[in-house]
$ cat input34.cif   # mmCIF, C-alpha atoms
data_query
#
loop_
_atom_site.group_PDB
_atom_site.id
_atom_site.type_symbol
_atom_site.label_atom_id
_atom_site.label_comp_id
_atom_site.auth_asym_id
_atom_site.auth_seq_id
_atom_site.Cartn_x
_atom_site.Cartn_y
_atom_site.Cartn_z
ATOM 1 C CA MET S 1 6.738 -0.593 -52.784
ATOM 2 C CA GLY S 2 4.854 -2.407 -50.032
ATOM 3 C CA VAL S 3 4.330 -1.104 -46.513
ATOM 4 C CA THR S 4 5.975 -3.131 -43.756
ATOM 5 C CA ALA S 5 3.547 -4.028 -40.992
ATOM 6 C CA PRO S 6 4.611 -2.819 -37.540
ATOM 7 C CA ALA S 7 6.158 -5.451 -35.287
ATOM 8 C CA ARG S 8 3.607 -6.930 -32.916
ATOM 9 C CA THR S 9 4.311 -6.591 -29.210
ATOM 10 C CA ALA S 10 5.525 -9.903 -27.812
ATOM 11 C CA ASP S 11 2.906 -12.002 -26.093
ATOM 12 C CA TRP S 12 2.508 -15.522 -24.798
ATOM 13 C CA SER S 13 -0.171 -18.130 -25.333
ATOM 14 C CA ILE S 14 -2.326 -19.295 -22.459
ATOM 15 C CA GLN S 15 -0.485 -22.629 -22.410
ATOM 16 C CA GLU S 16 2.888 -20.881 -22.185
ATOM 17 C CA VAL S 17 1.716 -18.593 -19.401
ATOM 18 C CA ALA S 18 0.231 -21.491 -17.440
ATOM 19 C CA ARG S 19 3.505 -23.420 -17.705
ATOM 20 C CA LEU S 20 5.700 -20.451 -16.784
ATOM 21 C CA ALA S 21 3.528 -19.434 -13.817
ATOM 22 C CA GLY S 22 3.027 -22.953 -12.503
ATOM 23 C CA THR S 23 -0.728 -22.749 -12.865
ATOM 24 C CA THR S 24 -3.292 -24.145 -15.332
ATOM 25 C CA SER S 25 -5.106 -22.879 -18.401
ATOM 26 C CA ARG S 26 -8.350 -23.563 -16.554
ATOM 27 C CA THR S 27 -7.282 -21.234 -13.728
ATOM 28 C CA LEU S 28 -6.378 -18.484 -16.197
ATOM 29 C CA ARG S 29 -9.742 -18.833 -17.910
ATOM 30 C CA HIS S 30 -11.432 -18.595 -14.495
ATOM 31 C CA TYR S 31 -9.495 -15.408 -13.751
ATOM 32 C CA ASP S 32 -10.906 -14.019 -16.995
ATOM 33 C CA ALA S 33 -14.452 -15.123 -16.128
ATOM 34 C CA VAL S 34 -14.377 -13.302 -12.778
ATOM 35 C CA GLY S 35 -12.885 -10.153 -14.294
ATOM 36 C CA LEU S 36 -9.478 -10.573 -12.691
ATOM 37 C CA LEU S 37 -7.210 -11.158 -15.703
ATOM 38 C CA ALA S 38 -8.417 -10.826 -19.270
ATOM 39 C CA PRO S 39 -6.292 -12.025 -22.196
ATOM 40 C CA THR S 40 -4.635 -9.267 -24.178
ATOM 41 C CA ARG S 41 -5.957 -10.722 -27.406
ATOM 42 C CA VAL S 42 -7.733 -13.786 -28.712
ATOM 43 C CA ALA S 43 -6.269 -15.266 -31.902
ATOM 44 C CA SER S 44 -8.376 -16.386 -34.864
ATOM 45 C CA ASN S 45 -8.078 -19.973 -33.624
ATOM 46 C CA GLY S 46 -9.610 -18.945 -30.284
ATOM 47 C CA TYR S 47 -6.369 -19.177 -28.310
ATOM 48 C CA ARG S 48 -5.857 -16.570 -25.614
ATOM 49 C CA HIS S 49 -2.636 -14.550 -25.515
ATOM 50 C CA TYR S 50 -1.128 -12.345 -22.800
ATOM 51 C CA ASP S 51 1.327 -9.459 -23.132
ATOM 52 C CA ALA S 52 3.920 -8.169 -20.664
ATOM 53 C CA ASP S 53 1.415 -5.963 -18.784
ATOM 54 C CA ALA S 54 -0.849 -8.981 -18.309
ATOM 55 C CA LEU S 55 2.064 -10.994 -16.947
ATOM 56 C CA VAL S 56 2.826 -8.243 -14.419
ATOM 57 C CA ARG S 57 -0.792 -8.329 -13.301
ATOM 58 C CA LEU S 58 -0.669 -12.129 -13.043
ATOM 59 C CA GLN S 59 2.486 -11.906 -10.942
ATOM 60 C CA ARG S 60 0.701 -9.582 -8.537
ATOM 61 C CA ILE S 61 -2.335 -11.886 -8.445
ATOM 62 C CA LEU S 62 -0.168 -14.861 -7.504
ATOM 63 C CA LEU S 63 1.692 -12.858 -4.855
ATOM 64 C CA LEU S 64 -1.565 -11.773 -3.234
ATOM 65 C CA ARG S 65 -2.911 -15.333 -3.422
ATOM 66 C CA ASP S 66 0.178 -16.491 -1.534
ATOM 67 C CA LEU S 67 -0.642 -13.904 1.126
ATOM 68 C CA GLY S 68 -4.014 -15.558 1.595
ATOM 69 C CA LEU S 69 -6.292 -13.028 -0.104
ATOM 70 C CA GLY S 70 -9.405 -14.238 -1.895
ATOM 71 C CA LEU S 71 -10.116 -13.381 -5.512
ATOM 72 C CA PRO S 72 -12.644 -10.577 -4.731
ATOM 73 C CA ALA S 73 -10.115 -8.869 -2.437
ATOM 74 C CA ILE S 74 -7.370 -9.254 -5.039
ATOM 75 C CA LYS S 75 -9.589 -7.738 -7.724
ATOM 76 C CA ALA S 76 -10.388 -4.793 -5.460
ATOM 77 C CA ALA S 77 -6.685 -4.279 -4.775
ATOM 78 C CA LEU S 78 -5.686 -4.392 -8.438
ATOM 79 C CA ASP S 79 -8.593 -2.293 -9.673
ATOM 80 C CA GLY S 80 -8.020 0.606 -7.317
ATOM 81 C CA PRO S 81 -7.919 4.172 -8.675
ATOM 82 C CA GLY S 82 -4.186 4.062 -9.426
ATOM 83 C CA ASP S 83 -4.429 0.831 -11.404
ATOM 84 C CA ARG S 84 -7.317 2.177 -13.453
ATOM 85 C CA ALA S 85 -5.230 5.100 -14.714
ATOM 86 C CA PRO S 86 -4.861 5.187 -18.505
ATOM 87 C CA SER S 87 -1.794 3.494 -19.953
ATOM 88 C CA GLY S 88 1.202 5.785 -20.008
ATOM 89 C CA THR S 89 0.087 7.917 -17.056
ATOM 90 C CA GLY S 90 0.048 6.817 -13.447
ATOM 91 C CA ALA S 91 -0.796 3.169 -14.060
ATOM 92 C CA GLU S 92 2.775 1.955 -14.450
ATOM 93 C CA ASP S 93 3.973 3.938 -11.429
ATOM 94 C CA SER S 94 1.161 2.448 -9.361
ATOM 95 C CA GLN S 95 2.071 -1.079 -10.427
ATOM 96 C CA VAL S 96 5.728 -0.486 -9.585
ATOM 97 C CA ARG S 97 4.815 0.872 -6.141
ATOM 98 C CA ALA S 98 2.599 -2.135 -5.482
ATOM 99 C CA LEU S 99 5.296 -4.545 -6.618
ATOM 100 C CA ARG S 100 7.847 -2.809 -4.403
ATOM 101 C CA GLY S 101 5.488 -3.371 -1.479
ATOM 102 C CA HIS S 102 5.223 -7.052 -2.366
ATOM 103 C CA LEU S 103 8.997 -7.245 -2.735
ATOM 104 C CA GLU S 104 9.550 -5.697 0.685
ATOM 105 C CA TRP S 105 7.232 -8.257 2.253
ATOM 106 C CA LEU S 106 8.888 -11.144 0.389
ATOM 107 C CA ARG S 107 12.360 -10.042 1.488
ATOM 108 C CA ALA S 108 11.211 -9.808 5.088
ATOM 109 C CA GLU S 109 9.667 -13.274 4.821
ATOM 110 C CA ARG S 110 12.867 -14.626 3.261
ATOM 111 C CA GLN S 111 14.909 -13.273 6.162
ATOM 112 C CA ARG S 112 12.478 -14.669 8.709
ATOM 113 C CA LEU S 113 12.405 -18.098 7.042
ATOM 114 C CA ALA S 114 16.190 -18.135 6.736
ATOM 115 C CA ARG S 115 16.455 -17.542 10.481
ATOM 116 C CA GLN S 116 13.918 -20.292 11.195
ATOM 117 C CA ILE S 117 15.720 -22.716 8.875
ATOM 118 C CA ALA S 118 19.051 -22.011 10.540
ATOM 119 C CA SER S 119 17.452 -22.439 13.972
ATOM 120 C CA VAL S 120 15.945 -25.829 13.084
ATOM 121 C CA GLU S 121 19.203 -26.951 11.451
ATOM 122 C CA ARG S 122 21.095 -26.104 14.635
ATOM 123 C CA THR S 123 18.572 -28.076 16.679
ATOM 124 C CA ILE S 124 18.923 -31.129 14.424
ATOM 125 C CA THR S 125 22.721 -30.941 14.421
ATOM 126 C CA THR S 126 22.834 -30.607 18.191
ATOM 127 C CA MET S 127 20.434 -33.506 18.739
ATOM 128 C CA GLU S 128 22.275 -35.775 16.307
ATOM 129 C CA GLY S 129 25.579 -34.911 17.925
ATOM 130 C CA GLY S 130 24.310 -35.535 21.431
ATOM 131 C CA GLY S 131 24.940 -31.955 22.434
ATOM 132 C CA GLU S 132 22.983 -29.744 24.816
ATOM 133 C CA LEU S 133 20.122 -27.767 23.295
ATOM 134 C CA MET S 134 20.346 -24.016 23.886
ATOM 135 C CA ALA S 135 16.887 -22.546 24.318
ATOM 136 C CA LYS S 136 18.018 -19.086 23.253
ATOM 137 C CA ASP S 137 19.082 -20.460 19.853
ATOM 138 C CA MET S 138 15.994 -22.551 19.172
ATOM 139 C CA PHE S 139 13.460 -19.837 18.464
ATOM 140 C CA ASP S 140 15.320 -17.321 16.325
ATOM 141 C CA GLY S 141 12.886 -16.100 13.669
ATOM 142 C CA PHE S 142 9.811 -17.229 15.592
ATOM 143 C CA ASP S 143 9.083 -14.270 17.866
ATOM 144 C CA HIS S 144 7.902 -10.709 17.571
ATOM 145 C CA THR S 145 11.434 -9.294 17.374
ATOM 146 C CA GLN S 146 11.358 -9.933 13.617
ATOM 147 C CA TYR S 147 9.678 -6.510 13.362
ATOM 148 C CA GLN S 148 12.271 -4.647 15.440
ATOM 149 C CA ALA S 149 14.011 -2.926 12.539
ATOM 150 C CA GLU S 150 10.719 -1.912 10.939
ATOM 151 C CA VAL S 151 9.270 -0.485 14.165
ATOM 152 C CA GLU S 152 12.480 1.410 14.913
ATOM 153 C CA ASP S 153 12.528 2.818 11.397
ATOM 154 C CA ARG S 154 8.891 3.978 11.590
ATOM 155 C CA TRP S 155 8.650 5.198 15.169
ATOM 156 C CA GLY S 156 12.147 5.193 16.676
ATOM 157 C CA LYS S 157 14.253 2.913 18.874
ATOM 158 C CA ASP S 158 12.639 4.169 22.056
ATOM 159 C CA ALA S 159 9.190 3.145 20.818
ATOM 160 C CA TYR S 160 10.386 -0.381 20.118
ATOM 161 C CA ALA S 161 12.242 -0.637 23.451
ATOM 162 C CA ARG S 162 9.171 0.468 25.421
ATOM 163 C CA GLY S 163 6.858 -1.802 23.464
ATOM 164 C CA ASP S 164 9.209 -4.745 23.856
ATOM 165 C CA ALA S 165 9.511 -4.151 27.603
ATOM 166 C CA TRP S 166 5.709 -3.945 27.875
ATOM 167 C CA TRP S 167 5.252 -7.246 26.008
ATOM 168 C CA ARG S 168 7.982 -9.108 27.899
ATOM 169 C CA GLY S 169 6.638 -7.811 31.193
ATOM 170 C CA MET S 170 3.312 -9.555 30.671
ATOM 171 C CA SER S 171 2.470 -12.903 32.171
ATOM 172 C CA ASP S 172 1.550 -15.770 29.841
ATOM 173 C CA ASP S 173 -2.116 -15.289 30.724
ATOM 174 C CA GLU S 174 -1.934 -11.575 29.960
ATOM 175 C CA ARG S 175 -0.313 -12.203 26.600
ATOM 176 C CA SER S 176 -2.970 -14.791 25.743
ATOM 177 C CA ALA S 177 -5.726 -12.360 26.707
ATOM 178 C CA TRP S 178 -4.160 -9.646 24.565
ATOM 179 C CA LYS S 179 -3.946 -11.957 21.554
ATOM 180 C CA GLU S 180 -7.584 -12.954 22.021
ATOM 181 C CA ARG S 181 -8.629 -9.306 22.240
ATOM 182 C CA THR S 182 -6.698 -8.510 19.065
ATOM 183 C CA ALA S 183 -8.107 -11.488 17.165
ATOM 184 C CA ARG S 184 -11.671 -10.643 18.247
ATOM 185 C CA LEU S 185 -11.286 -7.024 17.116
ATOM 186 C CA ASN S 186 -9.819 -8.065 13.766
ATOM 187 C CA ASP S 187 -12.577 -10.623 13.209
ATOM 188 C CA ASP S 188 -15.268 -8.069 14.021
ATOM 189 C CA TRP S 189 -13.753 -5.599 11.559
ATOM 190 C CA ALA S 190 -13.614 -8.256 8.824
ATOM 191 C CA ALA S 191 -17.186 -9.393 9.495
ATOM 192 C CA ALA S 192 -18.526 -5.841 9.314
ATOM 193 C CA ALA S 193 -16.664 -5.217 6.062
ATOM 194 C CA GLN S 194 -17.969 -8.438 4.529
ATOM 195 C CA ALA S 195 -21.509 -7.508 5.562
ATOM 196 C CA GLY S 196 -21.176 -4.238 3.642
ATOM 197 C CA ALA S 197 -21.392 -1.948 6.665
ATOM 198 C CA ASP S 198 -21.090 1.790 6.079
ATOM 199 C CA PRO S 199 -17.828 3.198 7.557
ATOM 200 C CA ALA S 200 -19.899 6.020 9.049
ATOM 201 C CA SER S 201 -22.455 3.688 10.664
ATOM 202 C CA ASP S 202 -22.823 3.272 14.412
ATOM 203 C CA GLU S 203 -21.458 -0.270 14.099
ATOM 204 C CA ALA S 204 -18.310 0.872 12.303
ATOM 205 C CA GLN S 205 -17.746 3.784 14.670
ATOM 206 C CA GLU S 206 -18.046 1.498 17.688
ATOM 207 C CA LEU S 207 -15.346 -0.664 16.121
ATOM 208 C CA ALA S 208 -13.232 2.445 15.568
ATOM 209 C CA ARG S 209 -13.671 3.376 19.240
ATOM 210 C CA ARG S 210 -12.588 -0.148 20.253
ATOM 211 C CA HIS S 211 -9.630 0.118 17.902
ATOM 212 C CA VAL S 212 -8.475 3.351 19.506
ATOM 213 C CA SER S 213 -8.886 1.832 22.973
ATOM 214 C CA TRP S 214 -6.849 -1.169 21.836
ATOM 215 C CA LEU S 215 -4.069 1.095 20.554
ATOM 216 C CA GLN S 216 -4.074 3.171 23.726
ATOM 217 C CA ALA S 217 -3.531 0.031 25.799
ATOM 218 C CA VAL S 218 0.028 -0.182 24.442
ATOM 219 C CA PRO S 219 2.234 2.265 26.391
ATOM 220 C CA ALA S 220 4.715 2.731 23.535
ATOM 221 C CA ASN S 221 2.195 3.813 20.905
ATOM 222 C CA PRO S 222 2.410 7.430 19.685
ATOM 223 C CA VAL S 223 -1.273 7.853 20.621
ATOM 224 C CA HIS S 224 -0.091 8.940 24.046
ATOM 225 C CA GLU S 225 1.732 11.981 22.669
ATOM 226 C CA ALA S 226 -0.241 15.225 22.768
ATOM 227 C CA GLY S 227 -2.021 15.890 19.480
ATOM 228 C CA ALA S 228 -0.628 12.758 17.822
ATOM 229 C CA LEU S 229 -3.712 10.536 17.814
ATOM 230 C CA ALA S 230 -5.426 11.913 14.698
ATOM 231 C CA GLY S 231 -2.335 11.726 12.512
ATOM 232 C CA TYR S 232 -1.410 8.322 13.891
ATOM 233 C CA LEU S 233 -4.845 6.874 13.099
ATOM 234 C CA LEU S 234 -4.844 8.265 9.573
ATOM 235 C CA GLY S 235 -1.351 6.924 8.960
ATOM 236 C CA LEU S 236 -2.241 3.502 10.338
ATOM 237 C CA GLY S 237 -5.307 3.332 8.119
ATOM 238 C CA GLU S 238 -3.207 3.923 5.016
ATOM 239 C CA MET S 239 -0.647 1.361 6.172
ATOM 240 C CA TYR S 240 -3.357 -1.260 6.704
ATOM 241 C CA VAL S 241 -4.429 -0.844 3.070
ATOM 242 C CA ASN S 242 -0.990 -0.585 1.488
ATOM 243 C CA ASP S 243 0.835 -3.321 3.399
ATOM 244 C CA PRO S 244 -0.501 -6.821 2.580
ATOM 245 C CA ARG S 245 0.656 -8.153 5.956
ATOM 246 C CA PHE S 246 -1.689 -5.790 7.789
ATOM 247 C CA ALA S 247 -4.510 -6.078 5.256
ATOM 248 C CA LEU S 248 -4.684 -9.806 5.947
ATOM 249 C CA ASN S 249 -5.741 -9.063 9.535
ATOM 250 C CA TYR S 250 -8.983 -7.598 8.202
ATOM 251 C CA GLY S 251 -9.758 -10.161 5.503
ATOM 252 C CA GLY S 252 -7.762 -8.500 2.724
ATOM 253 C CA VAL S 253 -7.562 -5.127 1.040
ATOM 254 C CA GLU S 254 -11.344 -4.609 1.029
ATOM 255 C CA GLY S 255 -11.510 -5.114 4.785
ATOM 256 C CA ALA S 256 -8.499 -2.894 5.392
ATOM 257 C CA THR S 257 -10.064 -0.170 3.249
ATOM 258 C CA PHE S 258 -13.191 -0.342 5.391
ATOM 259 C CA VAL S 259 -11.086 0.019 8.564
ATOM 260 C CA ARG S 260 -9.211 2.974 7.081
ATOM 261 C CA ASP S 261 -12.409 4.756 6.046
ATOM 262 C CA ALA S 262 -14.043 4.136 9.428
ATOM 263 C CA LEU S 263 -10.998 5.540 11.225
ATOM 264 C CA ARG S 264 -11.125 8.614 8.994
ATOM 265 C CA VAL S 265 -14.742 9.197 9.991
ATOM 266 C CA TYR S 266 -13.798 8.723 13.649
ATOM 267 C CA VAL S 267 -11.030 11.300 13.356
ATOM 268 C CA ASP S 268 -13.396 13.821 11.714
ATOM 269 C CA ARG S 269 -16.140 13.312 14.296
ATOM 270 C CA VAL S 270 -14.252 12.836 17.533
ATOM 271 C CA LEU S 271 -10.788 14.369 17.272
#

$ encode --input "input34.cif" --output "structure tokens"
Amino acid sequence: MGVTAPARTADWSIQEVARLAGTTSRTLRHYDAVGLLAPTRVASNGYRHYDADALVRLQRILLLRDLGLGLPAIKAALDGPGDRAPSGTGAEDSQVRALRGHLEWLRAERQRLARQIASVERTITTMEGGGELMAKDMFDGFDHTQYQAEVEDRWGKDAYARGDAWWRGMSDDERSAWKERTARLNDDWAAAAQAGADPASDEAQELARRHVSWLQAVPANPVHEAGALAGYLLGLGEMYVNDPRFALNYGGVEGATFVRDALRVYVDRVL
């Protein structure tokens, strides 16, 4: 009596994956060459095949690409300690957590885009009908209030109300200056990370000091509460790394990790 061979786990050829993902076989081969996505197996005819775990990884790669991250930053994000865990341990949980983070961002973007679409549709309808444009209806989905629910959930309604009042109380010139200050700080963080600076270096710690000063300039931030600064900085650092929206400000996950580590050093040395 012969022995029945075990059923092989389902996989997909490189051509099938390229078609399903809307990419190309050449791109998938490049992902393999740079160590980002290896095929699960290579058949005797030389064709590459990918299993379900590989497709999950590819989905995450494409999501992070859509967020604007470069391939080195994506590789660093996917090859973190949690993703390197052996199969069957923490690896799957880590992937699920990461995907939930992506999903949260995508849902927020969907809501924001839906509001913008509705706003533009109303503008078009009003203009075509010869009606009067209502300024208050034209910019729904375009301003900072898109983060109201998230801020209130993290830090309370009072924090959002005070921050909103602070922002609305600024003149146009003051808001422009604040945006320039923020952009300059973010760019300096990203440049230092790309240059391979040590988080404990004088350069990194000067950036951390500037970061704290920048945070303290916002009246609503918890940094003004007694004893809250250390915990707030550590929590922000983790959020920068784990939330792709914030990581983008520092050039991707690698940059955000550098910011987080520098803030940790600052907390240990100064606070």

$ residues_around --input "input34.cif" --residues "S:Arg210" --least-positions-apart "2" --cutoff "12 Å" --atoms "only C-alpha atoms" --output "list in words"
Arg181, Thr182, Arg184, Leu185, Asn186, Asp188, Trp189, Glu203, Ala204, Gln205, Glu206, Leu207, Ala208, Val212, Ser213, Trp214, Leu215, Gln216, Ala217, Val259, Ala262, Leu263 and Tyr266 of chain S

$ atom_distance --input "input34.cif" --atom1 "atom CA of S:Gly46" --atom2 "atom CA of S:Ser25"
13.3 Å

$ residues_around --input "input34.cif" --residues "stretch 238-254 of chain S" --least-positions-apart "6" --cutoff "6 Å" --atoms "all atoms listed in the file" --output "PyMOL selection string"
chain S and resi 69+73+77+186+190

$ atom_distance --input "input34.cif" --atom1 "atom CA of S:Ala193" --atom2 "atom CA of S:Gly255"
5.3 Å

$ atom_distance --input "input34.cif" --atom1 "atom CA of S:Ala200" --atom2 "atom CA of S:Asp261"
8.2 Å

$ axis_aligned_box --input "input34.cif" --around "stretch 45-55 of chain S" --padding-each-side "4 Å" --output "AutoDock Vina command-line options"
--center_x -2.8 --center_y -13.0 --center_z -25.3 --size_x 21.5 --size_y 22.0 --size_z 24.7

$ resolve_selection --input "input34.cif" --expression "the PyMOL selection byres ((chain S and resi 21) around 12)" --output "list in words"
Trp12, Ile14, Gln15, Glu16, Val17, Ala18, Arg19, Leu20, Gly22, Thr23, Thr24, Ser25, Thr27, Leu28, Leu55, Val56, Arg57, Leu58, Gln59, Arg60, Ile61, Leu62 and Leu63 of chain S

$ write_last_selection --input "input34.cif" --atoms "C-alpha atoms" --output "mmCIF file, keeping the file's coordinate frame"
data_model
loop_
_atom_site.group_PDB
_atom_site.id
_atom_site.type_symbol
_atom_site.label_atom_id
_atom_site.label_comp_id
_atom_site.auth_asym_id
_atom_site.auth_seq_id
_atom_site.Cartn_x
_atom_site.Cartn_y
_atom_site.Cartn_z
ATOM 1 C CA TRP S 12 2.508 -15.522 -24.798
ATOM 2 C CA ILE S 14 -2.326 -19.295 -22.459
ATOM 3 C CA GLN S 15 -0.485 -22.629 -22.410
ATOM 4 C CA GLU S 16 2.888 -20.881 -22.185
ATOM 5 C CA VAL S 17 1.716 -18.593 -19.401
ATOM 6 C CA ALA S 18 0.231 -21.491 -17.440
ATOM 7 C CA ARG S 19 3.505 -23.420 -17.705
ATOM 8 C CA LEU S 20 5.700 -20.451 -16.784
ATOM 9 C CA GLY S 22 3.027 -22.953 -12.503
ATOM 10 C CA THR S 23 -0.728 -22.749 -12.865
ATOM 11 C CA THR S 24 -3.292 -24.145 -15.332
ATOM 12 C CA SER S 25 -5.106 -22.879 -18.401
ATOM 13 C CA THR S 27 -7.282 -21.234 -13.728
ATOM 14 C CA LEU S 28 -6.378 -18.484 -16.197
ATOM 15 C CA LEU S 55 2.064 -10.994 -16.947
ATOM 16 C CA VAL S 56 2.826 -8.243 -14.419
ATOM 17 C CA ARG S 57 -0.792 -8.329 -13.301
ATOM 18 C CA LEU S 58 -0.669 -12.129 -13.043
ATOM 19 C CA GLN S 59 2.486 -11.906 -10.942
ATOM 20 C CA ARG S 60 0.701 -9.582 -8.537
ATOM 21 C CA ILE S 61 -2.335 -11.886 -8.445
ATOM 22 C CA LEU S 62 -0.168 -14.861 -7.504
ATOM 23 C CA LEU S 63 1.692 -12.858 -4.855
#

$ closest_residue --input "input34.cif" --among "S:Ser13, S:Gln111, S:Ser119, S:Asn221" --to "S:Asp158" --atoms "only C-alpha atoms"
S:Asn221

$ resolve_selection --input "input34.cif" --expression "the PyMOL selection byres ((chain S and resi 234) around 8)" --output "JSON list (two decimals) with C-alpha atoms, in the coordinates of the input"
[["chain", "number", "residue", "atom", "x", "y", "z"],
["S", 230, "ALA", "CA", -5.43, 11.91, 14.70],
["S", 231, "GLY", "CA", -2.34, 11.73, 12.51],
["S", 232, "TYR", "CA", -1.41, 8.32, 13.89],
["S", 233, "LEU", "CA", -4.84, 6.87, 13.10],
["S", 235, "GLY", "CA", -1.35, 6.92, 8.96],
["S", 236, "LEU", "CA", -2.24, 3.50, 10.34],
["S", 237, "GLY", "CA", -5.31, 3.33, 8.12],
["S", 238, "GLU", "CA", -3.21, 3.92, 5.02],
["S", 260, "ARG", "CA", -9.21, 2.97, 7.08],
["S", 263, "LEU", "CA", -11.00, 5.54, 11.22],
["S", 264, "ARG", "CA", -11.12, 8.61, 8.99],
["S", 267, "VAL", "CA", -11.03, 11.30, 13.36]]
